[in-house]
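Raw contents of my_file-v1.txt, compact mmCIF, C-alpha atoms:
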```
# COMPACT_ATOMS: atom_id res chain seq x y z
CA MET C 1 7.50 -28.39 -15.74
CA THR C 2 7.82 -29.32 -12.07
CA ASP C 3 8.70 -32.54 -10.33
CA LEU C 4 6.54 -32.47 -7.23
CA PHE C 5 6.62 -36.24 -6.73
CA PRO C 6 10.30 -37.21 -6.80
CA ARG C 7 9.98 -40.55 -5.00
CA PRO C 8 7.09 -42.80 -5.94
CA PRO C 9 4.53 -43.46 -4.77
CA GLY C 10 3.91 -39.74 -4.40
CA LEU C 11 1.34 -38.48 -1.94
CA ALA C 12 -0.83 -35.37 -1.89
CA VAL C 13 -3.38 -34.52 0.78
CA PHE C 14 -6.19 -31.97 0.76
CA LEU C 15 -7.27 -29.57 3.48
CA ASN C 16 -9.21 -26.33 3.40
CA ALA C 17 -7.42 -23.16 4.41
CA GLY C 18 -8.72 -22.18 7.85
CA ASP C 19 -10.05 -25.59 8.82
CA PRO C 20 -8.45 -26.58 11.12
CA PRO C 21 -7.65 -23.04 12.30
CA PHE C 22 -4.38 -21.67 10.99
CA ASP C 23 -2.43 -22.09 14.21
CA VAL C 24 -3.18 -25.81 14.04
CA LEU C 25 -2.84 -25.94 10.27
CA ASP C 26 0.70 -24.56 10.53
CA ASP C 27 1.61 -27.46 12.83
CA ILE C 28 -0.10 -29.93 10.51
CA ALA C 29 1.94 -28.63 7.59
CA ASP C 30 5.15 -29.07 9.60
CA MET C 31 4.13 -32.64 10.35
CA LEU C 32 3.39 -33.32 6.68
CA ASP C 33 6.80 -31.97 5.78
CA ASP C 34 8.45 -34.19 8.41
CA HIS C 35 6.64 -37.20 6.93
CA GLU C 36 7.73 -36.19 3.41
CA VAL C 37 4.25 -35.75 2.05
CA ASP C 38 4.83 -34.21 -1.34
CA VAL C 39 1.91 -31.82 -1.78
CA LEU C 40 -0.71 -30.14 0.34
CA GLU C 41 -3.64 -29.19 -1.87
CA LEU C 42 -4.94 -26.15 -0.01
CA GLY C 43 -8.49 -25.19 -0.81
CA VAL C 44 -9.52 -21.55 -0.64
CA PRO C 45 -12.90 -22.27 0.96
CA PHE C 46 -16.05 -21.73 -1.06
CA PRO C 47 -19.68 -22.72 -0.43
CA ASP C 48 -21.96 -25.29 -2.02
CA SER C 49 -19.41 -27.26 -4.02
CA ILE C 50 -21.15 -29.75 -6.28
CA SER C 51 -17.96 -31.81 -6.61
CA ASP C 52 -17.47 -32.31 -2.88
CA GLY C 53 -19.23 -34.58 -0.45
CA PRO C 54 -20.54 -33.55 2.96
CA VAL C 55 -17.23 -33.88 4.80
CA ILE C 56 -15.37 -31.33 2.68
CA ARG C 57 -18.42 -29.09 2.38
CA ARG C 58 -18.71 -28.91 6.18
CA SER C 59 -15.02 -28.06 6.36
CA ALA C 60 -15.43 -25.25 3.83
CA ASP C 61 -18.43 -23.90 5.73
CA ARG C 62 -16.44 -23.80 8.99
CA ALA C 63 -13.56 -22.00 7.29
CA LEU C 64 -15.91 -19.48 5.69
CA ALA C 65 -17.67 -18.89 9.01
CA ALA C 66 -14.24 -18.05 10.48
CA GLY C 67 -13.77 -15.44 7.74
CA THR C 68 -11.10 -17.28 5.76
CA GLY C 69 -10.37 -15.85 2.34
CA LEU C 70 -7.76 -15.86 -0.39
CA GLU C 71 -5.41 -13.52 1.46
CA ASP C 72 -5.35 -15.80 4.52
CA ALA C 73 -4.66 -18.85 2.39
CA LEU C 74 -1.78 -17.16 0.57
CA ALA C 75 -0.24 -15.91 3.82
CA PHE C 76 -0.19 -19.57 4.91
CA VAL C 77 1.50 -20.54 1.64
CA GLU C 78 4.23 -17.96 2.20
CA ARG C 79 4.89 -19.25 5.72
CA SER C 80 5.02 -22.81 4.47
CA ARG C 81 7.43 -22.04 1.66
CA ALA C 82 9.83 -20.36 4.04
CA ARG C 83 10.31 -23.29 6.38
CA HIS C 84 9.51 -26.58 4.66
CA ARG C 85 12.10 -28.81 3.07
CA HIS C 86 9.86 -31.22 1.18
CA LEU C 87 6.20 -30.22 1.32
CA ARG C 88 4.89 -27.99 -1.45
CA VAL C 89 1.52 -26.24 -1.42
CA VAL C 90 -0.85 -26.13 -4.38
CA VAL C 91 -3.71 -23.64 -4.16
CA LEU C 92 -7.20 -24.69 -5.24
CA ALA C 93 -9.36 -21.65 -6.00
CA ASP C 94 -12.95 -21.67 -7.19
CA TRP C 95 -13.74 -19.62 -10.27
CA ALA C 96 -17.15 -18.32 -9.19
CA HIS C 97 -16.42 -17.62 -5.53
CA THR C 98 -12.77 -16.53 -5.53
CA VAL C 99 -11.66 -15.49 -9.02
CA ARG C 100 -14.64 -13.87 -10.72
CA PRO C 101 -15.28 -11.25 -7.98
CA ARG C 102 -11.66 -10.10 -8.38
CA SER C 103 -10.02 -10.76 -11.73
CA MET C 104 -7.97 -13.52 -13.25
CA ALA C 105 -4.94 -11.25 -13.36
CA GLU C 106 -5.23 -10.32 -9.69
CA VAL C 107 -5.64 -13.88 -8.46
CA VAL C 108 -2.91 -15.41 -10.63
CA THR C 109 -0.47 -12.67 -9.65
CA ALA C 110 -1.26 -13.12 -5.95
CA VAL C 111 -0.97 -16.91 -6.02
CA ALA C 112 2.30 -16.77 -7.95
CA GLY C 113 3.66 -14.16 -5.55
CA SER C 114 2.94 -16.38 -2.56
CA GLY C 115 5.37 -19.00 -3.84
CA ALA C 116 2.70 -21.66 -4.36
CA ALA C 117 3.93 -24.73 -6.20
CA GLY C 118 0.88 -24.66 -8.42
CA ALA C 119 -2.71 -23.58 -8.87
CA LEU C 120 -5.86 -25.52 -9.64
CA LEU C 121 -8.78 -23.47 -10.95
CA HIS C 122 -12.00 -25.17 -9.88
CA GLY C 123 -15.23 -24.87 -11.83
CA ALA C 124 -13.86 -22.63 -14.57
CA PRO C 125 -16.01 -22.50 -17.71
CA PRO C 126 -14.22 -23.30 -20.97
CA ARG C 127 -14.29 -19.67 -22.10
CA VAL C 128 -12.06 -18.49 -19.21
CA ARG C 129 -9.56 -21.34 -19.08
CA PRO C 130 -7.33 -20.02 -21.90
CA GLU C 131 -6.80 -16.77 -19.99
CA PHE C 132 -5.87 -18.77 -16.89
CA TYR C 133 -3.33 -20.83 -18.80
CA GLU C 134 -1.82 -17.75 -20.44
CA ARG C 135 -1.59 -15.66 -17.29
CA ALA C 136 -0.21 -18.55 -15.23
CA ALA C 137 2.49 -19.21 -17.81
CA ALA C 138 3.44 -15.54 -17.90
CA ALA C 139 3.63 -15.42 -14.09
CA GLY C 140 5.66 -18.63 -13.83
CA LEU C 141 2.85 -20.30 -11.89
CA PRO C 142 2.63 -24.06 -12.48
CA VAL C 143 -0.85 -25.29 -13.38
CA VAL C 144 -2.72 -28.33 -12.11
CA THR C 145 -5.27 -29.47 -14.66
CA THR C 146 -8.05 -31.97 -14.10
CA CYS C 147 -9.90 -34.63 -16.00
CA TYR C 148 -11.94 -37.72 -15.17
CA ALA C 149 -10.96 -41.28 -15.92
CA SER C 150 -13.94 -41.35 -18.29
CA SER C 151 -13.47 -37.88 -19.81
CA PRO C 152 -13.79 -37.60 -23.60
CA PRO C 153 -10.56 -37.34 -25.61
CA GLN C 154 -10.76 -33.56 -26.09
CA VAL C 155 -10.94 -32.99 -22.32
CA VAL C 156 -8.01 -35.33 -21.72
CA ALA C 157 -6.04 -33.56 -24.44
CA GLU C 158 -6.65 -30.13 -22.86
CA ALA C 159 -5.61 -31.38 -19.43
CA ALA C 160 -2.46 -32.94 -20.86
CA ALA C 161 -1.53 -29.90 -22.93
CA HIS C 162 -1.73 -27.35 -20.11
CA ALA C 163 -0.49 -29.27 -17.05
CA SER C 164 2.79 -27.85 -15.80
CA ALA C 165 2.51 -28.97 -12.15
CA TYR C 166 0.52 -32.19 -12.58
CA VAL C 167 -2.69 -33.62 -13.95
CA TYR C 168 -5.26 -34.45 -11.29
CA LEU C 169 -6.98 -37.55 -12.63
CA VAL C 170 -10.34 -38.00 -10.90
CA THR C 171 -11.03 -41.71 -10.74
CA HIS C 172 -14.82 -41.55 -10.92
CA TYR C 173 -17.79 -39.21 -11.19
CA GLY C 174 -19.65 -38.21 -8.06
CA PRO C 175 -18.85 -36.17 -4.96
CA SER C 176 -15.58 -36.54 -3.09
CA GLY C 177 -15.63 -39.04 -0.27
CA ALA C 178 -17.96 -41.39 -2.12
CA GLY C 179 -17.38 -44.27 -4.48
CA GLN C 180 -15.27 -47.36 -4.54
CA ALA C 181 -11.54 -47.62 -4.13
CA PRO C 182 -9.49 -47.28 -7.33
CA ASP C 183 -9.12 -50.35 -9.50
CA ALA C 184 -5.56 -50.59 -10.79
CA GLU C 185 -6.46 -52.36 -14.04
CA ALA C 186 -9.27 -49.96 -14.89
CA LEU C 187 -7.22 -46.91 -13.94
CA ARG C 188 -4.28 -47.94 -16.08
CA VAL C 189 -6.17 -47.10 -19.28
CA PRO C 190 -6.70 -43.37 -18.58
CA VAL C 191 -3.25 -43.09 -17.01
CA ASP C 192 -1.67 -44.51 -20.16
CA ALA C 193 -3.76 -42.17 -22.31
CA LEU C 194 -2.49 -39.16 -20.38
CA ARG C 195 1.08 -40.45 -20.32
CA ALA C 196 1.08 -40.57 -24.11
CA LEU C 197 0.20 -36.87 -24.24
CA THR C 198 2.15 -35.22 -21.44
CA GLY C 199 5.36 -35.39 -19.49
CA ALA C 200 3.68 -33.86 -16.44
CA PRO C 201 3.16 -36.04 -13.37
CA ILE C 202 -0.23 -37.70 -12.95
CA ALA C 203 -1.92 -37.75 -9.54
CA ALA C 204 -5.11 -39.76 -9.08
CA GLY C 205 -7.73 -39.10 -6.44
CA PHE C 206 -11.29 -39.78 -5.24
CA GLY C 207 -11.83 -43.01 -3.36
CA VAL C 208 -8.24 -43.13 -2.07
CA ARG C 209 -8.44 -43.89 1.66
CA THR C 210 -5.79 -46.45 2.61
CA ALA C 211 -2.21 -47.53 1.91
CA ALA C 212 -3.63 -50.28 -0.30
CA ASP C 213 -5.47 -47.67 -2.35
CA VAL C 214 -2.26 -45.65 -2.72
CA GLU C 215 -0.51 -48.78 -3.95
CA ARG C 216 -3.30 -49.44 -6.47
CA VAL C 217 -2.93 -45.94 -7.85
CA HIS C 218 0.82 -46.43 -8.16
CA ALA C 219 0.33 -49.86 -9.75
CA ALA C 220 -1.85 -48.21 -12.39
CA GLY C 221 1.13 -46.10 -13.40
CA ALA C 222 0.20 -42.82 -11.71
CA ASP C 223 2.92 -40.80 -10.03
CA ALA C 224 0.93 -39.94 -6.93
CA ALA C 225 -2.30 -40.47 -5.03
CA VAL C 226 -4.47 -37.66 -3.65
CA VAL C 227 -6.23 -38.23 -0.32
CA GLY C 228 -8.89 -35.69 0.59
CA SER C 229 -12.07 -36.63 2.42
CA THR C 230 -10.35 -39.16 4.66
CA VAL C 231 -7.88 -36.53 5.90
CA VAL C 232 -10.58 -33.89 6.37
CA ALA C 233 -12.84 -36.37 8.20
CA ARG C 234 -10.03 -37.37 10.58
CA ALA C 235 -9.30 -33.72 11.37
CA GLU C 236 -13.00 -33.02 11.90
CA ALA C 237 -13.42 -35.95 14.28
CA SER C 238 -10.31 -35.02 16.23
CA LEU C 239 -11.39 -31.40 16.62
CA ALA C 240 -14.90 -32.39 17.66
CA GLY C 241 -13.56 -34.85 20.24
CA GLY C 242 -10.95 -32.52 21.70
CA GLY C 243 -8.11 -34.66 20.40
CA ASP C 244 -4.63 -33.83 19.19
CA VAL C 245 -5.33 -33.09 15.54
CA VAL C 246 -1.68 -33.08 14.50
CA ALA C 247 -0.95 -36.42 16.15
CA ASP C 248 -4.13 -37.97 14.76
CA LEU C 249 -3.31 -36.87 11.22
CA ALA C 250 0.29 -38.03 11.66
CA GLY C 251 -1.03 -41.49 12.42
CA LEU C 252 -3.21 -41.40 9.32
CA VAL C 253 -0.42 -40.19 7.05
CA SER C 254 2.01 -42.77 8.42
CA GLY C 255 -0.51 -45.47 7.59
CA LEU C 256 -0.89 -44.30 4.01
CA ARG C 257 2.75 -44.91 3.14
CA PRO C 258 4.23 -46.97 6.00
CA HIS C 259 7.02 -48.39 3.86
CA HIS C 260 8.09 -45.04 2.45
CA LEU C 261 9.24 -43.29 5.61
CA PRO C 262 9.18 -45.44 8.75
CA HIS C 263 10.13 -42.53 11.01
CA PRO C 264 9.64 -38.84 10.39
CA VAL C 265 12.81 -36.86 9.78
CA PRO C 266 13.50 -34.69 12.85
CA ARG C 267 12.94 -30.97 12.30
CA SER C 268 15.95 -28.75 12.93
CA LEU C 269 15.44 -26.30 15.77
```
Write-out of the structure in structure tokens:
Amino acid sequence: MTDLFPRPPGLAVFLNAGDPPFDVLDDIADMLDDHEVDVLELGVPFPDSISDGPVIRRSADRALAAGTGLEDALAFVERSRARHRHLRVVVLADWAHTVRPRSMAEVVTAVAGSGAAGALLHGAPPRVRPEFYERAAAAGLPVVTTCYASSPPQVVAEAAAHASAYVYLVTHYGPSGAGQAPDAEALRVPVDALRALTGAPIAAGFGVRTAADVERVHAAGADAAVVGSTVVARAEASLAGGGDVVADLAGLVSGLRPHHLPHPVPRSL
């Protein structure tokens, strides 16, 4: 079991590997570490995601057009692990696009070898998930499981039983980037249900855009909030406008948890 969110409210952000390009993404990761963001959920890009809205799908398409694959993403993870004090990277890999053309053994071994703080297997059918859990445990790779706030009890139980990094609690059905902000009272029910079944941290995402949303997630009893489409959209707009992507994302991150870290901790030279 890991403790990726040591100081509540925890914060995780999502970006696709390769978008922004890796030279910029390296600087973004350094900035996230300076701002004590807990987790970077790094997507290995894949096309036509039914769970993502247009912002993240455009990002994945740009990364794929640049030739980004699993090996590039894991090289980034290795670089990040070597120099970051606080930030940890969780790898999100799609079953159909990334895992099935290789093998579960190959992908789990590679992700574990990169030093990733966890792995989330996206779109895996029920028949393959037991192998993922078994191979991840054998490799010492923490697992991020997922369920929806409205998932049936058996889905919640599976997510709780196999989470060793954290449970990603999706606040509502629909594509990422859409939907209303989390409601603390409504979210407390699924958070409590998970808490009764697991000691793993619980991170809630979808619809989290502002510091107020992060506070609502924390008020519901979750350990962390996950911010995805808002971060990707800010990076996209900055790149398109010729802006300073790192500075623009720093402003966004600072606004998500302004009380947590008023000034970034200087990086040692």
Let me make sure I understand: among C:Ala220, C:Gly255, C:Cys147, C:Met104, which one has the smallest atom-to-atom distance to Ala184 (chain C) if we use all atoms listed in the file?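 The answer is C:Ala220, which sits nearest to Ala184 (chain C).
CA of Leu11 (chain C) is found 24.2 Å from CA of Ala157 (chain C).
Compared by their closest atoms to Val13 (chain C), and using only C-alpha atoms, the residues C:Ser238, C:Ser254, C:Thr171, C:Thr230 rank with C:Thr230 nearest.
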Residue contacts of region 17-32 of chain C (7 Å, only C-alpha atoms) excluding same-chain residues fewer than 6 positions away, as a list in words: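 My list of contacting residues is Leu42, Gly43, Val44, Pro45, Ser59, Arg62, Ala63, Thr68, Ala73, Leu87, Val246 and Ala250 of chain C.
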Which residues come within 8 Å of Asp223 (chain C), counting all atoms listed in the file, excluding same-chain residues fewer than 2 positions away, as a PDB file with C-alpha atoms, keeping the file's coordinate frame?
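Result file result_6.pdb:
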```
ATOM      1  CA  PHE C   5       6.620 -36.240  -6.730  1.00  0.00           C
ATOM      2  CA  PRO C   8       7.090 -42.800  -5.940  1.00  0.00           C
ATOM      3  CA  PRO C   9       4.530 -43.460  -4.770  1.00  0.00           C
ATOM      4  CA  GLY C  10       3.910 -39.740  -4.400  1.00  0.00           C
ATOM      5  CA  PRO C 201       3.160 -36.040 -13.370  1.00  0.00           C
ATOM      6  CA  ILE C 202      -0.230 -37.700 -12.950  1.00  0.00           C
ATOM      7  CA  ALA C 203      -1.920 -37.750  -9.540  1.00  0.00           C
ATOM      8  CA  HIS C 218       0.820 -46.430  -8.160  1.00  0.00           C
ATOM      9  CA  GLY C 221       1.130 -46.100 -13.400  1.00  0.00           C
ATOM     10  CA  ALA C 225      -2.300 -40.470  -5.030  1.00  0.00           C
TER      11      ALA C 225
END
```
Can you work out which one of C:Ala110, C:Ala12, C:Val170, C:Val89 has the shortest atom-to-atom distance to Val156 (chain C), counting all atoms listed in the file? C:Val170
Between CA of Ala181 (chain C) and CA of Ala117 (chain C), what is the spacing in Å? 27.7 Å
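Atom pair CA of Ala149 (chain C) / CA of Leu169 (chain C) has a distance of 6.4 Å (rounded to one decimal).
Of the residues listed (C:Pro190, C:Pro101, C:Gly118, C:Pro125), C:Gly118 shows the shortest atom-to-atom separation from Tyr166 (chain C); distances use only C-alpha atoms.
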Which of these, C:Ala186, C:Val217, C:Val91, C:Ile50, has the shortest distance to Phe76 (chain C) once you count only C-alpha atoms?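 When distances to Phe76 (chain C) are compared using only C-alpha atoms, the smallest one comes from C:Val91.
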Taking into account all atoms listed in the file, which residue in the set C:Leu64, C:Val99, C:Leu141, C:Ala116 is nearest to Ala82 (chain C)?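 Between C:Leu64, C:Val99, C:Leu141, C:Ala116, the residue approaching Ala82 (chain C) most closely is C:Ala116.
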Would you mind completing region 55-73 of chain C so that it carries N, CA and C atoms, and writing it out as a short mmCIF file (atom, residue, chain, number, x, y, z; two decimals), in the coordinates of the input?
```
data_model
loop_
_atom_site.label_atom_id
_atom_site.label_comp_id
_atom_site.auth_asym_id
_atom_site.auth_seq_id
_atom_site.Cartn_x
_atom_site.Cartn_y
_atom_site.Cartn_z
N VAL C 55 -18.36 -34.11 3.91
CA VAL C 55 -17.23 -33.88 4.80
C VAL C 55 -16.47 -32.61 4.40
N ILE C 56 -16.12 -32.50 3.13
CA ILE C 56 -15.37 -31.33 2.68
C ILE C 56 -16.26 -30.09 2.65
N ARG C 57 -17.52 -30.26 2.37
CA ARG C 57 -18.42 -29.09 2.38
C ARG C 57 -18.57 -28.54 3.79
N ARG C 58 -18.64 -29.41 4.80
CA ARG C 58 -18.71 -28.91 6.18
C ARG C 58 -17.42 -28.17 6.54
N SER C 59 -16.29 -28.70 6.09
CA SER C 59 -15.02 -28.06 6.36
C SER C 59 -14.98 -26.67 5.74
N ALA C 60 -15.41 -26.56 4.49
CA ALA C 60 -15.43 -25.25 3.83
C ALA C 60 -16.35 -24.28 4.56
N ASP C 61 -17.49 -24.76 5.01
CA ASP C 61 -18.43 -23.90 5.73
C ASP C 61 -17.82 -23.39 7.03
N ARG C 62 -17.09 -24.25 7.75
CA ARG C 62 -16.44 -23.80 8.99
C ARG C 62 -15.39 -22.74 8.70
N ALA C 63 -14.60 -22.97 7.64
CA ALA C 63 -13.56 -22.00 7.29
C ALA C 63 -14.17 -20.67 6.87
N LEU C 64 -15.24 -20.71 6.11
CA LEU C 64 -15.91 -19.48 5.69
C LEU C 64 -16.51 -18.75 6.89
N ALA C 65 -17.09 -19.50 7.82
CA ALA C 65 -17.67 -18.89 9.01
C ALA C 65 -16.59 -18.19 9.85
N ALA C 66 -15.35 -18.68 9.76
CA ALA C 66 -14.24 -18.05 10.48
C ALA C 66 -13.66 -16.86 9.72
N GLY C 67 -14.22 -16.59 8.52
CA GLY C 67 -13.77 -15.44 7.74
C GLY C 67 -12.60 -15.69 6.83
N THR C 68 -12.27 -16.95 6.56
CA THR C 68 -11.10 -17.28 5.76
C THR C 68 -11.30 -16.90 4.30
N GLY C 69 -10.33 -16.22 3.74
CA GLY C 69 -10.37 -15.85 2.34
C GLY C 69 -9.05 -16.11 1.65
N LEU C 70 -8.94 -15.62 0.42
CA LEU C 70 -7.76 -15.86 -0.39
C LEU C 70 -6.50 -15.31 0.28
N GLU C 71 -6.59 -14.13 0.86
CA GLU C 71 -5.41 -13.52 1.46
C GLU C 71 -4.87 -14.37 2.61
N ASP C 72 -5.77 -14.93 3.41
CA ASP C 72 -5.35 -15.80 4.52
C ASP C 72 -4.66 -17.05 4.01
N ALA C 73 -5.25 -17.64 2.96
CA ALA C 73 -4.66 -18.85 2.39
C ALA C 73 -3.26 -18.58 1.85
#
```
